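Structure file query_6.txt with compact mmCIF, C-alpha atoms:
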```txt
# COMPACT_ATOMS: atom_id res chain seq x y z
CA MET A 1 145.83 94.57 94.90
CA PHE A 2 144.10 93.40 98.09
CA THR A 3 144.09 90.29 100.26
CA GLY A 4 140.41 90.06 101.18
CA ILE A 5 141.09 90.64 104.88
CA VAL A 6 138.63 93.36 105.91
CA GLU A 7 140.32 96.00 108.08
CA GLU A 8 137.20 97.69 109.38
CA MET A 9 133.59 98.52 108.64
CA GLY A 10 132.78 102.11 107.77
CA HIS A 11 129.47 103.76 106.99
CA VAL A 12 128.19 105.96 104.17
CA THR A 13 127.71 109.55 105.36
CA ALA A 14 126.85 111.12 102.01
CA LEU A 15 125.69 109.79 98.66
CA ARG A 16 125.34 111.90 95.56
CA SER A 17 123.69 110.21 92.60
CA LYS A 18 124.64 111.16 89.07
CA PRO A 19 123.35 109.76 85.76
CA GLN A 20 124.34 106.07 86.15
CA ALA A 21 127.14 107.09 88.53
CA MET A 22 127.65 107.91 92.22
CA GLU A 23 129.87 109.82 94.61
CA LEU A 24 130.23 108.31 98.08
CA THR A 25 131.62 109.72 101.30
CA ILE A 26 132.49 107.11 103.88
CA ALA A 27 133.35 107.65 107.53
CA CYS A 28 135.83 105.32 109.25
CA SER A 29 138.76 105.46 111.65
CA LEU A 30 141.47 102.80 111.25
CA ILE A 31 142.28 103.26 107.58
CA MET A 32 142.38 107.07 107.89
CA ASP A 33 145.83 106.82 109.51
CA ASP A 34 147.74 107.09 106.23
CA ILE A 35 145.09 107.73 103.59
CA LYS A 36 145.81 110.14 100.74
CA ARG A 37 144.26 111.29 97.49
CA GLY A 38 144.70 108.65 94.77
CA ASP A 39 144.82 105.68 97.15
CA SER A 40 142.94 102.51 96.21
CA ILE A 41 140.40 101.31 98.77
CA SER A 42 138.33 98.14 98.56
CA ILE A 43 134.71 98.99 99.43
CA ASN A 44 132.58 95.84 99.66
CA GLY A 45 135.11 94.24 97.33
CA VAL A 46 135.10 97.04 94.76
CA CYS A 47 138.40 98.84 94.16
CA LEU A 48 137.74 102.61 94.22
CA THR A 49 140.04 105.64 94.25
CA VAL A 50 140.11 108.27 96.98
CA SER A 51 139.27 111.64 95.41
CA ALA A 52 139.20 113.68 98.65
CA HIS A 53 139.42 113.15 102.40
CA ASP A 54 139.50 114.84 105.78
CA GLN A 55 140.44 113.45 109.19
CA LYS A 56 137.32 111.30 109.57
CA SER A 57 136.08 110.37 106.09
CA PHE A 58 137.01 109.95 102.43
CA THR A 59 135.20 110.36 99.12
CA VAL A 60 135.22 108.14 96.02
CA ASP A 61 133.60 108.28 92.58
CA VAL A 62 131.74 105.24 91.27
CA ILE A 63 131.60 105.07 87.46
CA PRO A 64 128.65 103.61 85.47
CA GLU A 65 130.37 100.27 84.75
CA THR A 66 130.89 99.70 88.50
CA VAL A 67 127.34 100.76 89.37
CA ASN A 68 125.93 98.32 86.81
CA SER A 69 128.11 95.33 87.72
CA SER A 70 128.08 95.48 91.54
CA THR A 71 125.82 96.10 94.53
CA MET A 72 126.93 99.74 94.84
CA SER A 73 123.55 101.01 93.64
CA SER A 74 121.90 99.52 96.75
CA LEU A 75 123.94 101.66 99.17
CA ARG A 76 122.16 104.39 101.10
CA THR A 77 123.22 107.01 103.63
CA GLY A 78 124.02 105.05 106.78
CA SER A 79 124.85 101.79 104.97
CA ARG A 80 127.78 99.91 106.47
CA VAL A 81 130.58 98.79 104.17
CA ASN A 82 133.67 96.56 104.32
CA LEU A 83 136.94 98.46 103.93
CA GLU A 84 140.47 97.37 103.07
CA ARG A 85 143.47 99.39 101.98
CA ALA A 86 145.66 98.15 99.13
CA MET A 87 148.21 95.57 100.25
CA PRO A 88 151.67 97.01 101.03
CA ALA A 89 154.64 95.22 99.47
CA THR A 90 156.04 94.60 102.95
CA GLY A 91 152.77 93.37 104.47
CA ARG A 92 151.58 89.88 105.36
CA PHE A 93 149.45 88.08 102.79
CA GLY A 94 146.58 86.88 104.96
CA GLY A 95 143.96 86.02 102.33
CA HIS A 96 144.35 85.50 98.58
CA PHE A 97 144.94 87.66 95.49
CA VAL A 98 141.96 90.05 95.27
CA SER A 99 141.94 92.70 92.55
CA GLY A 100 138.77 94.56 93.55
CA HIS A 101 137.29 93.99 90.09
CA VAL A 102 133.89 92.42 90.70
CA ASP A 103 132.89 89.59 88.34
CA GLY A 104 129.22 89.53 89.27
CA VAL A 105 126.57 89.72 91.96
CA GLY A 106 125.41 86.72 93.98
CA VAL A 107 122.32 86.19 96.13
CA ILE A 108 122.34 84.48 99.53
CA ARG A 109 119.89 81.57 99.35
CA ALA A 110 120.49 79.71 102.62
CA VAL A 111 122.03 80.35 106.05
CA LYS A 112 122.81 77.58 108.54
CA LYS A 113 124.40 77.57 112.00
CA GLU A 114 126.96 74.79 112.52
CA SER A 115 128.62 74.83 115.95
CA ASN A 116 130.75 78.01 116.05
CA ALA A 117 130.45 78.60 112.30
CA VAL A 118 127.70 79.88 110.03
CA THR A 119 127.45 78.58 106.47
CA LYS A 120 125.91 80.64 103.69
CA THR A 121 124.91 79.28 100.31
CA ILE A 122 125.17 81.83 97.51
CA GLU A 123 123.56 81.58 94.09
CA LEU A 124 125.84 82.75 91.28
CA ASP A 125 125.43 83.51 87.62
CA PRO A 126 126.06 80.23 85.75
CA SER A 127 128.94 81.86 83.83
CA LEU A 128 130.94 82.13 87.08
CA MET A 129 130.61 78.50 88.15
CA LYS A 130 133.56 77.34 86.01
CA TYR A 131 135.87 79.25 88.38
CA MET A 132 134.49 77.55 91.50
CA MET A 133 136.02 74.49 93.11
CA LYS A 134 135.87 72.89 96.53
CA LYS A 135 138.60 74.36 98.77
CA GLY A 136 139.15 77.12 96.21
CA SER A 137 139.16 80.85 96.96
CA ILE A 138 136.39 83.40 96.48
CA SER A 139 135.94 87.03 97.48
CA VAL A 140 132.45 87.90 98.77
CA ASP A 141 131.88 91.61 99.44
CA GLY A 142 135.66 91.93 99.59
CA THR A 143 136.09 89.15 102.17
CA SER A 144 138.51 86.34 101.31
CA LEU A 145 136.77 83.00 101.86
CA THR A 146 137.14 79.32 101.05
CA VAL A 147 134.55 77.48 98.97
CA PHE A 148 133.37 74.52 101.05
CA SER A 149 130.98 73.00 98.52
CA VAL A 150 129.80 73.59 94.96
CA GLY A 151 126.25 73.04 93.68
CA ASN A 152 124.72 73.49 90.24
CA ASN A 153 124.69 77.28 90.42
CA THR A 154 125.66 77.78 94.05
CA VAL A 155 128.66 77.81 96.36
CA THR A 156 128.68 77.42 100.13
CA ILE A 157 131.08 79.32 102.34
CA SER A 158 131.62 79.10 106.10
CA LEU A 159 132.14 82.07 108.39
CA ILE A 160 134.13 81.80 111.60
CA PRO A 161 133.10 84.08 114.51
CA THR A 162 135.86 86.62 113.74
CA THR A 163 134.70 87.03 110.13
CA ARG A 164 131.07 87.40 111.20
CA GLU A 165 132.00 90.11 113.70
CA ASP A 166 134.52 92.01 111.57
CA SER A 167 132.78 92.07 108.18
CA LEU A 168 129.44 93.01 106.71
CA LEU A 169 128.87 89.49 105.41
CA GLY A 170 128.15 88.21 108.91
CA GLN A 171 125.05 90.43 109.04
CA LYS A 172 123.62 89.59 105.62
CA GLY A 173 120.76 87.13 105.30
CA ILE A 174 118.68 85.22 102.78
CA GLY A 175 117.80 87.22 99.68
CA GLU A 176 120.54 89.82 100.10
CA ARG A 177 122.95 90.54 97.25
CA VAL A 178 126.74 90.32 97.50
CA ASN A 179 129.66 91.27 95.27
CA ILE A 180 131.56 88.28 93.88
CA GLU A 181 135.14 88.18 92.64
CA CYS A 182 136.35 84.83 91.35
CA ASP A 183 139.84 83.54 91.96
CA LEU A 184 142.27 85.70 89.98
CA LEU A 185 144.64 82.81 89.22
CA ALA A 186 141.79 80.73 87.76
CA LYS A 187 140.80 83.59 85.45
CA TYR A 188 144.37 84.14 84.25
CA THR A 189 144.81 80.41 83.62
CA GLU A 190 141.64 80.34 81.52
CA ARG A 191 142.75 83.37 79.50
CA ILE A 192 146.18 81.87 78.79
CA GLN A 193 144.61 78.61 77.61
CA GLN A 194 142.24 80.49 75.33
CA ALA A 195 145.08 82.56 73.89
CA ASP A 196 147.08 79.41 73.05
CA LYS A 197 144.23 77.85 71.09
CA PRO A 198 144.32 78.71 67.34
CA GLU A 199 141.13 79.66 65.57
CA MET A 200 139.68 76.50 64.01
CA SER A 201 139.18 77.81 60.47
CA ARG A 202 139.10 75.88 57.18
CA SER A 203 142.64 77.02 56.39
CA TRP A 204 143.91 75.91 59.82
CA LEU A 205 142.28 72.48 59.41
CA ALA A 206 143.90 72.16 55.97
CA GLU A 207 147.33 73.01 57.43
CA GLN A 208 146.85 70.23 60.00
CA GLY A 209 146.13 67.67 57.27
CA PHE A 210 142.34 67.46 57.57
```

Let me see the structure of the file written as structure tokens.
Amino acid sequence: MFTGIVEEMGHVTALRSKPQAMELTIACSLIMDDIKRGDSISINGVCLTVSAHDQKSFTVDVIPETVNSSTMSSLRTGSRVNLERAMPATGRFGGHFVSGHVDGVGVIRAVKKESNAVTKTIELDPSLMKYMMKKGSISVDGTSLTVFSVGNNTVTISLIPTTREDSLLGQKGIGERVNIECDLLAKYTERIQQADKPEMSRSWLAEQGF
């Protein structure tokens, strides 16, 4: 579990492609303090497991499902990435519940400067729009953000100077792809409601007196 508060930006030092899969080595500094094999790390919002590490970098495997459902396939040697360690039970909860399980990929369609903030409008797959609401939470490339407005198939988020400086999202422009994770609580609520609804069969209708 993560909070969507990016700890630092690392960069890809090695990338080994496999059939529909990848192995990444990422160099960083801050999160290496207590890293160990088996740890979960959020990389651009994707939860991946540390398979090996040394004092300056760590390695993760990216399975086919993750390659196909995220922006991982666009990474190259030298690419910068957002990094966050899993949330400790004793830590502060600065963002919102982020699982690191990407729901889809969005595309930045507009960027606008507004005083000390920069707004970015992101086009989403229509299937994700039911989870979006004004003032709701969204994770974009692993960054916890607030939805400021909702369009037909778009959401607009606003980046404060700190977020622009400390995360990859501040550098991305129109046409670039981003990993999207919808609000976890909204998804659980939907699933519970679906589970409570009986299948509307002929026998069920008969039992209800129809």

Near-A:Ser127 list (12 Å; only C-alpha atoms; drop same-chain fewer than 4 positions) as JSON, numbers by chain: {"A": [103, 104, 105, 106, 123, 131, 132, 152, 153, 154, 182]}

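Each of A:Asp54, A:Asp61, A:Glu7, A:Asp39 was compared to A:Glu23 using all atoms listed in the file, and A:Asp61 turns out to be the nearest.
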
Which residue gives the smallest distance to A:Arg80 among A:Ile43, A:Val147, A:Met9, A:Ala117, with only C-alpha atoms counted? A:Met9

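The smallest atom-to-atom distance between A:Lys112 and any of A:Ala195, A:Leu159, A:Leu184, A:Met22, using only C-alpha atoms, is found for A:Leu159.
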
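Rounded to one decimal, atom CA of A:Asp183 and atom CA of A:Leu48 lie 19.3 Å from each other.
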
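Restricting the calculation to all atoms listed in the file, the smallest distance between A:His96 and any of A:Gly4, A:Lys134, A:Leu75, A:Thr13 is found for A:Gly4.
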
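The residue that comes closest to A:Lys187, out of A:Lys113, A:Arg202, A:Arg164, A:His101 and on the basis of all atoms listed in the file, is A:His101.
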
Option closest in space to A:Ile138, from A:Asn82, A:Ser73, A:Thr3, A:Thr25 [counting only C-alpha atoms]: A:Thr3

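Picture a line from atom CA of A:Phe97 to atom CA of A:Ser139; it runs 9.2 Å.
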